[in-house]
Amino acid sequence: MTGNKIDSIDPTDEVLPPRSLLLFGLQHVLVMAASPITAVFLVSKALGFSDALTVSLISATFLICGLGTILQSFGPAGFGARLPFIMVPGGAPIAIFLAIAQQTDVQTAVGAVILTAVFYFLALPVFRRLLRYFPPIVVGTMLLLVSVNLVRIYGGTITGKQGSEGFADPMNVGLALATIALTIIFARVFTGTLQRISVMLGLIAGSAIAMGAGYMDLSGIFDGPMIAVPQLLPFGMPKFDFFAALPLIVFSIISMAEATGQTIATAEIVGRRGDAHAIVPATIRGDAVASLVGGLFGTSLIITSGENVGIVRATNVKSRYVTATAGVILVLIALFAPIGRLANALPGPVVGGTAVIVFSIIGVIGIDLLRRVDLREHGPMFTLAAALSMGLLPILVPGVYSQFPQWSQMILANGLAAGTITAVIVNAFFQHLPLEQFQAKCAAVFRPE
């Protein structure tokens with residue numbers, strides 16, 4: 001009787017003792033905590049935000065990640081998958097958000113986040129039809145361009161501005177290289193959970209070296225209020241520009257595809273009963289709500305993360321109440337102001353080194369996707385070549401489109417947008433346009449009268 005009752009409980013619905021919930025929830029937080037801190041720090045440094053605004057944005061990002069995690073764990077009214085998910089600011093959305101802000105202004109970047117969140121809802125009924133235009137050749141190219149663009153941008157947090165007095169200070173470069181090296185060492189030496197948080201351990205170790213060298217000051221962490229309240233619309237009213245938002249909207253289709261894979265994989269790992277495909281829309285609606293609210297608090301897209309699935313597999317703890325507990329911990333972290341001030345005190349070169357290795361890993365993921373494509377075939381070869389041509393040109397030669405009309409610069413001067421859109425179009429040209437039909441149309445156009 002008891003055995004039948006236990007068997008009737010879905011593994012995701014198991015409620016663990018409070019101590020276990022706290023312990024396993026904290027483990028999830030440790031794995032993902034570097035993501036919001038690094039994302040906000042890098043955007044703040046690149047855009048020159050004040051210390052107070054940076055602390056507020058760190059608080060807001062933790063808050064939305066926490067609330068989004070709770071939403072995905074409980075899934076009220078079909079908003080959230082009722083699976084053990086953690087939500088984070090994605091690496092690619094951060095790059096696109098920053099590119100939009102640098103091309104226009106941060107209000108337009110925030111408006112792009114809100115427009116993209118709305119697009120999630122509008123595209124959800126038809127997104128499966130759009131997926132055929134985003135095969136591995138397109139997604140892999142985009143991730144590779146994201147990596148190159150981010151390494152270029154955040155290399156500047158290591159060297160400083162070119163031409164400035166402290167440009168490429170050997171100590172700063174050394175701190176970044178030490179952080180990268182320590183991250184790699186931790187990833188090699190440790191196993192299990194410690195291996196999964198090797199990025200955070202590298203960040204901590206690099207910061208310890210910087211503190212020992214006198215490059216990090218923690219004296220002001222407990223100065224000021226202890227409670228942080230994130231600011232609504234910290235940059236003022238958002239500006240809505242469809243052309244500026246287009247790169248983020250294009251990414252959202254890829255994000256929906258990723259959410260589909262993560263939902264199905266996670267449902268299988270935790271033994272969720274029923275059709276996993278049926279709960280994919282709930283995952284995407286949860287992402288949309290979190291991103292919409294995040295945009296109102298000045299963050300980029302907040303999306304479901306696959307990073308924590310490894311913890312579920314390693315610990316065999318499948319309860320969604322564990323991730324809900326992690327969400328509560330994230331909310332508490334958001335409201336504890338010294339955490340934000342501590343994150344803001346991290347040395348730029350150390351965070352830059354962390355960013356370089358993290359975003360290079362994104363490039364490795366892209367290369368892995370491209371590896372599955374036969375690049376000896378004409379279609380994939382020219383798709384990749386055309387996308388890299390359009391994507392790398394504005395990244396490696398800034399200002400190449402500076403004399404073009406402003407509306408066209410929104411796309412052409414954004415390497416991520418130009419490269420990804422080019423990949424979609426060229427791939428469709430080779431794969432989805434019947435050759436005979438195309439030849440007939442060309443013949444009709446060029447046929448002499």
# chains A, B, ... in the order shown; residues from 1 in each chain; ligands from 1

$ residues_around --residues "Val317 (chain A)" --least-positions-apart "6" --cutoff "12 Å" --atoms "only C-alpha atoms" --output "list in words"
Pro11, Thr12, Asp13, Glu14, Val15, Leu16, Ser20, Leu21, Leu23, Phe24, Gly25, Gln27, His28, Leu83, Pro84, Ile269, Val270, Gly271, Asn308, Val309, Gly310, Ile311 and Thr323 of chain A

$ residues_around --residues "Gly236 (chain A)" --least-positions-apart "4" --cutoff "10 Å" --atoms "only C-alpha atoms" --output "ChimeraX atom specification"
/A:106-107,110,232,296,298

$ closest_residue --among "A:Phe41, A:Ala418, A:Arg188, A:Gly214" --to "Met171 (chain A)" --atoms "only C-alpha atoms"
A:Gly214

$ closest_residue --among "A:Lys45, A:Arg320, A:Arg129, A:Arg152" --to "Gln72 (chain A)" --atoms "only C-alpha atoms"
A:Arg320

$ select_by_dssp --residues "region 10-170 of chain A" --states "strand (DSSP E)" --output "PyMOL selection string"
chain A and resi 86-89

$ residues_around --residues "Ile333 (chain A)" --least-positions-apart "3" --cutoff "10 Å" --atoms "only C-alpha atoms" --output "MDAnalysis selection string"
chainID A and resid 33 58:59 62:63 66 227:228 327:330 336:340

$ closest_residue --among "A:Ile362, A:Ala345, A:Val118, A:Val293" --to "Leu233 (chain A)" --atoms "only C-alpha atoms"
A:Val293

$ closest_residue --among "A:Ile365, A:Met211, A:Leu115, A:Ala81" --to "Ala259 (chain A)" --atoms "only C-alpha atoms"
A:Ala81

$ residues_around --residues "Ser305 (chain A)" --least-positions-apart "4" --cutoff "7 Å" --atoms "only C-alpha atoms" --output "MDAnalysis selection string"
chainID A and resid 85:88

$ closest_residue --among "A:Phe235, A:Phe404, A:Phe429, A:Phe243" --to "Phe382 (chain A)" --atoms "only C-alpha atoms"
A:Phe429

$ residues_around --residues "Leu388 (chain A)" --least-positions-apart "3" --cutoff "10 Å" --atoms "only C-alpha atoms" --output "PyMOL selection string"
chain A and resi 141-142+144-145+382-385+391-393+415-416+418-420+422-423

$ select_by_dssp --residues "region 183-425 of chain A" --states "alpha helix (DSSP H)" --output "JSON, numbers by chain"
{"A": [183, 184, 185, 186, 187, 188, 189, 192, 193, 194, 195, 196, 198, 199, 200, 201, 202, 203, 204, 205, 206, 207, 208, 209, 210, 211, 212, 242, 243, 244, 245, 246, 247, 248, 249, 250, 251, 252, 253, 254, 255, 256, 257, 258, 259, 260, 261, 262, 263, 264, 265, 266, 267, 268, 269, 270, 280, 281, 282, 283, 284, 285, 286, 287, 288, 289, 290, 291, 292, 293, 294, 295, 296, 309, 310, 311, 312, 313, 314, 315, 320, 321, 322, 323, 324, 325, 326, 327, 328, 329, 330, 331, 332, 333, 334, 335, 337, 338, 339, 340, 341, 342, 343, 344, 348, 349, 350, 351, 352, 353, 354, 355, 356, 357, 358, 359, 360, 361, 362, 363, 364, 365, 366, 367, 368, 369, 370, 371, 378, 379, 380, 381, 382, 383, 384, 385, 386, 387, 388, 389, 390, 391, 392, 393, 394, 395, 396, 406, 407, 408, 409, 410, 411, 412, 415, 416, 417, 418, 419, 420, 421, 422, 423, 424, 425]}

$ residues_around --residues "region 136-140 of chain A" --least-positions-apart "5" --cutoff "7 Å" --atoms "only C-alpha atoms" --output "ChimeraX atom specification"
/A:366-367,369-370,373,380,420,423-424

$ write_last_selection --atoms "N, CA, C and O atoms" --output "compact mmCIF listing (two decimals), in the first residue's frame"
# COMPACT_ATOMS: atom_id res chain seq x y z
N GLY A 366 29.38 26.44 -30.37
CA GLY A 366 29.05 26.72 -31.76
C GLY A 366 29.85 25.85 -32.71
O GLY A 366 29.31 25.32 -33.70
N ILE A 367 31.13 25.70 -32.43
CA ILE A 367 31.99 24.85 -33.28
C ILE A 367 31.52 23.40 -33.24
O ILE A 367 31.52 22.70 -34.26
N LEU A 369 28.47 22.40 -32.87
CA LEU A 369 27.30 22.31 -33.73
C LEU A 369 27.72 22.28 -35.20
O LEU A 369 27.18 21.52 -36.01
N LEU A 370 28.69 23.15 -35.56
CA LEU A 370 29.15 23.20 -36.94
C LEU A 370 29.84 21.90 -37.34
O LEU A 370 29.84 21.51 -38.52
N VAL A 373 27.87 19.38 -39.24
CA VAL A 373 27.47 19.72 -40.60
C VAL A 373 28.60 19.37 -41.56
O VAL A 373 29.78 19.58 -41.25
N PRO A 380 26.17 24.29 -47.08
CA PRO A 380 26.71 24.66 -45.77
C PRO A 380 27.98 25.50 -45.86
O PRO A 380 28.18 26.43 -45.07
N THR A 420 23.78 36.29 -38.40
CA THR A 420 22.71 35.30 -38.19
C THR A 420 21.66 35.39 -39.29
O THR A 420 21.22 34.37 -39.84
N ALA A 423 22.99 33.94 -42.42
CA ALA A 423 22.99 32.47 -42.36
C ALA A 423 21.60 31.91 -42.65
O ALA A 423 21.46 30.93 -43.39
N VAL A 424 20.58 32.54 -42.07
CA VAL A 424 19.20 32.08 -42.30
C VAL A 424 18.84 32.19 -43.78
O VAL A 424 18.31 31.25 -44.40

$ residues_around --residues "region 155-157 of chain A" --least-positions-apart "6" --cutoff "9 Å" --atoms "only C-alpha atoms" --output "MDAnalysis selection string"
chainID A and resid 42 45:46 348:353 355:356

$ write_last_selection --atoms "N, CA, C and O atoms" --output "PDB file, in the first residue's frame"
ATOM      1  N   LEU A  42      29.758  43.116 -16.488  1.00  0.00           N
ATOM      2  CA  LEU A  42      30.333  43.383 -17.799  1.00  0.00           C
ATOM      3  C   LEU A  42      29.562  44.457 -18.547  1.00  0.00           C
ATOM      4  O   LEU A  42      30.143  45.335 -19.182  1.00  0.00           O
ATOM      5  N   LYS A  45      30.352  47.856 -16.874  1.00  0.00           N
ATOM      6  CA  LYS A  45      31.671  48.371 -17.227  1.00  0.00           C
ATOM      7  C   LYS A  45      31.703  48.885 -18.654  1.00  0.00           C
ATOM      8  O   LYS A  45      32.280  49.930 -18.953  1.00  0.00           O
ATOM      9  N   ALA A  46      31.075  48.133 -19.558  1.00  0.00           N
ATOM     10  CA  ALA A  46      31.100  48.522 -20.967  1.00  0.00           C
ATOM     11  C   ALA A  46      30.321  49.809 -21.219  1.00  0.00           C
ATOM     12  O   ALA A  46      30.695  50.615 -22.080  1.00  0.00           O
ATOM     13  N   GLY A 348      38.004  44.586 -12.488  1.00  0.00           N
ATOM     14  CA  GLY A 348      37.654  44.443 -13.895  1.00  0.00           C
ATOM     15  C   GLY A 348      38.460  43.385 -14.627  1.00  0.00           C
ATOM     16  O   GLY A 348      37.889  42.563 -15.371  1.00  0.00           O
ATOM     17  N   PRO A 349      39.790  43.337 -14.462  1.00  0.00           N
ATOM     18  CA  PRO A 349      40.571  42.317 -15.170  1.00  0.00           C
ATOM     19  C   PRO A 349      40.191  40.886 -14.784  1.00  0.00           C
ATOM     20  O   PRO A 349      40.220  39.985 -15.623  1.00  0.00           O
ATOM     21  N   VAL A 350      39.833  40.678 -13.512  1.00  0.00           N
ATOM     22  CA  VAL A 350      39.446  39.340 -13.067  1.00  0.00           C
ATOM     23  C   VAL A 350      38.128  38.936 -13.713  1.00  0.00           C
ATOM     24  O   VAL A 350      37.982  37.827 -14.249  1.00  0.00           O
ATOM     25  N   VAL A 351      37.152  39.840 -13.670  1.00  0.00           N
ATOM     26  CA  VAL A 351      35.863  39.542 -14.299  1.00  0.00           C
ATOM     27  C   VAL A 351      36.034  39.419 -15.805  1.00  0.00           C
ATOM     28  O   VAL A 351      35.410  38.571 -16.450  1.00  0.00           O
ATOM     29  N   GLY A 352      36.903  40.252 -16.377  1.00  0.00           N
ATOM     30  CA  GLY A 352      37.166  40.156 -17.806  1.00  0.00           C
ATOM     31  C   GLY A 352      37.764  38.810 -18.177  1.00  0.00           C
ATOM     32  O   GLY A 352      37.384  38.200 -19.190  1.00  0.00           O
ATOM     33  N   GLY A 353      38.699  38.315 -17.360  1.00  0.00           N
ATOM     34  CA  GLY A 353      39.270  36.993 -17.613  1.00  0.00           C
ATOM     35  C   GLY A 353      38.223  35.902 -17.527  1.00  0.00           C
ATOM     36  O   GLY A 353      38.196  34.977 -18.354  1.00  0.00           O
ATOM     37  N   ALA A 355      35.033  36.310 -18.077  1.00  0.00           N
ATOM     38  CA  ALA A 355      34.156  36.469 -19.236  1.00  0.00           C
ATOM     39  C   ALA A 355      34.781  35.876 -20.494  1.00  0.00           C
ATOM     40  O   ALA A 355      34.108  35.212 -21.283  1.00  0.00           O
ATOM     41  N   VAL A 356      36.072  36.104 -20.680  1.00  0.00           N
ATOM     42  CA  VAL A 356      36.744  35.612 -21.880  1.00  0.00           C
ATOM     43  C   VAL A 356      36.663  34.089 -21.960  1.00  0.00           C
ATOM     44  O   VAL A 356      36.353  33.521 -23.020  1.00  0.00           O
TER      45      VAL A 356
END

$ atom_distance --atom1 "CA of Ala290 (chain A)" --atom2 "CA of Gly68 (chain A)"
5.3 Å
